Amino acid sequence: MHKGLIEFVESCEFPTEIANFNLYAFKENSSSKEHLVITLGTFNRNEPTLARIHCRCLTGESLFSLRCDCRFQLTESLKKIAKKGCGVVFYLQQEGRNIGLLNKIRAYKLQDEGLDTVEANHKLGFIDDPRDYKIVSAIAKYLGITSVNLMTNNPRKIAALEENGLMVKKRIPIKSKKTKYNRDYLKTKAKKLGHLL
């Protein structure tokens, strides 16, 4: 099912303030996009692995934007993995729900003018959420992961993994703090994208 989707590039040690992780690099063959996987511990094929699918958010994670909760979700996931001593974050190059960085800034401008995130995507010619998670199952297979406890608020991620052969044993919610900057963003996630907030 997943043959030829991804190519393993390299792995290395990845010490952070949270824990000393390992970092894997993969290339998606159809698009040449480069994806990362952050891991900790040894995976047991007979037990679900604590996992998160996380799409890159340069504005939130590197530039500290308050318009979203991406940096909080990533940090909390890594902390949960460190506490458990084992887990994985699939860090995908799908900026702005996979519309790309420049279109994401265009979408920000439309949001400044009153549109929500879904309306802004539509205005730019995209569907609600054009992300694709097929490669996650391919990478999981490479790493020897057969099932996961998924840290997510997004039911679409669970459905996508199960459709592609990776069993989700349990959903673990991540509760983000609402602020005046991300309140509408979170509301749209729940109302229009089905996120469980």
# chains A, B, ... in the order shown; residues from 1 in each chain; ligands from 1

call {"tool": "residues_around", "arguments": {"residues": "A:Asn22", "least_positions_apart": "4", "cutoff": "9 Å", "atoms": "only C-alpha atoms", "output": "list in words"}}
result
Ser11, Cys12, Glu13, Phe14, Pro15, Val37, Ile38, Thr39, Leu40 and Gly41 of chain A

call {"tool": "residues_around", "arguments": {"residues": "A:Thr42", "least_positions_apart": "6", "cutoff": "10 Å", "atoms": "only C-alpha atoms", "output": "ChimeraX atom specification"}}
result
/A:49,85-87,143-144

call {"tool": "select_by_dssp", "arguments": {"residues": "chain A", "states": "alpha helix (DSSP H)", "output": "PyMOL selection string"}}
result
chain A and resi 58-61+70-84+95-98+101-112+117-123+134-143+155-163+183-193

call {"tool": "select_by_dssp", "arguments": {"residues": "stretch 98-180 of chain A", "states": "strand (DSSP E or B)", "output": "JSON, numbers by chain"}}
result
{"A": [147, 148, 149, 150, 151, 167, 168, 169, 170, 171, 172]}

call {"tool": "write_last_selection", "arguments": {"atoms": "N, CA and C atoms", "output": "tab-separated table (two decimals), in the first residue's frame"}}
result
chain	number	residue	atom	x	y	z
A	147	SER	N	0.55	0.55	15.67
A	147	SER	CA	-0.65	1.22	16.20
A	147	SER	C	-0.20	2.39	17.06
A	148	VAL	N	-1.11	3.36	17.23
A	148	VAL	CA	-0.74	4.57	17.98
A	148	VAL	C	-1.86	5.00	18.92
A	149	ASN	N	-1.47	5.69	19.97
A	149	ASN	CA	-2.36	6.54	20.75
A	149	ASN	C	-2.08	7.95	20.26
A	150	LEU	N	-3.05	8.55	19.56
A	150	LEU	CA	-2.78	9.77	18.82
A	150	LEU	C	-3.17	11.02	19.61
A	151	MET	N	-2.20	11.91	19.78
A	151	MET	CA	-2.45	13.19	20.44
A	151	MET	C	-3.00	14.15	19.39
A	167	MET	N	-3.47	1.62	12.84
A	167	MET	CA	-4.55	1.58	13.81
A	167	MET	C	-4.37	2.64	14.89
A	168	VAL	N	-5.44	3.38	15.17
A	168	VAL	CA	-5.45	4.36	16.27
A	168	VAL	C	-6.22	3.73	17.42
A	169	LYS	N	-5.51	3.41	18.49
A	169	LYS	CA	-6.12	2.75	19.65
A	169	LYS	C	-6.88	3.74	20.53
A	170	LYS	N	-6.34	4.97	20.64
A	170	LYS	CA	-6.95	5.96	21.53
A	170	LYS	C	-6.60	7.36	21.06
A	171	ARG	N	-7.54	8.29	21.25
A	171	ARG	CA	-7.27	9.70	21.00
A	171	ARG	C	-6.97	10.41	22.31
A	172	ILE	N	-5.89	11.16	22.32
A	172	ILE	CA	-5.50	11.93	23.50
A	172	ILE	C	-5.63	13.41	23.15

call {"tool": "atom_distance", "arguments": {"atom1": "atom CA of A:Leu50", "atom2": "atom CA of A:Phe8"}}
result
21.4 Å

call {"tool": "atom_distance", "arguments": {"atom1": "atom CA of A:Thr117", "atom2": "atom CA of A:Arg183"}}
result
11.9 Å

call {"tool": "residues_around", "arguments": {"residues": "A:Leu166", "least_positions_apart": "6", "cutoff": "12 Å", "atoms": "only C-alpha atoms", "output": "VMD selection string"}}
result
chain A and resid 1 to 2 45 48 to 49 51 133 to 141 144 to 150 157 to 160

call {"tool": "write_last_selection", "arguments": {"atoms": "C-alpha atoms", "output": "short mmCIF file (atom, residue, chain, number, x, y, z; two decimals), in the first residue's frame"}}
result
data_model
loop_
_atom_site.label_atom_id
_atom_site.label_comp_id
_atom_site.auth_asym_id
_atom_site.auth_seq_id
_atom_site.Cartn_x
_atom_site.Cartn_y
_atom_site.Cartn_z
CA MET A 1 0.00 0.00 0.00
CA HIS A 2 2.79 2.43 0.89
CA ARG A 45 5.07 -3.59 17.97
CA PRO A 48 0.40 1.47 20.72
CA THR A 49 3.00 4.22 20.38
CA ALA A 51 2.17 9.82 18.63
CA TYR A 133 -1.52 11.95 5.78
CA LYS A 134 -0.80 8.87 3.63
CA ILE A 135 2.94 9.22 4.18
CA VAL A 136 2.48 8.97 7.96
CA SER A 137 1.45 5.34 7.66
CA ALA A 138 4.42 4.69 5.35
CA ILE A 139 6.87 6.26 7.81
CA ALA A 140 5.28 4.41 10.73
CA LYS A 141 5.77 1.13 8.88
CA GLY A 144 8.10 -0.52 13.05
CA ILE A 145 5.04 1.23 14.51
CA THR A 146 1.81 -0.75 14.03
CA SER A 147 -0.65 1.22 16.20
CA VAL A 148 -0.74 4.57 17.98
CA ASN A 149 -2.36 6.54 20.75
CA LEU A 150 -2.78 9.77 18.82
CA LYS A 157 -6.28 12.60 11.21
CA ILE A 158 -7.62 9.49 12.92
CA ALA A 159 -9.73 8.56 9.89
CA ALA A 160 -6.82 9.15 7.50
#

call {"tool": "atom_distance", "arguments": {"atom1": "atom CA of A:Gly125", "atom2": "atom CA of A:Asn103"}}
result
10.2 Å

call {"tool": "closest_residue", "arguments": {"among": "A:His54, A:Lys104, A:Lys79, A:Arg71", "to": "A:Tyr91", "atoms": "only C-alpha atoms"}}
result
A:His54
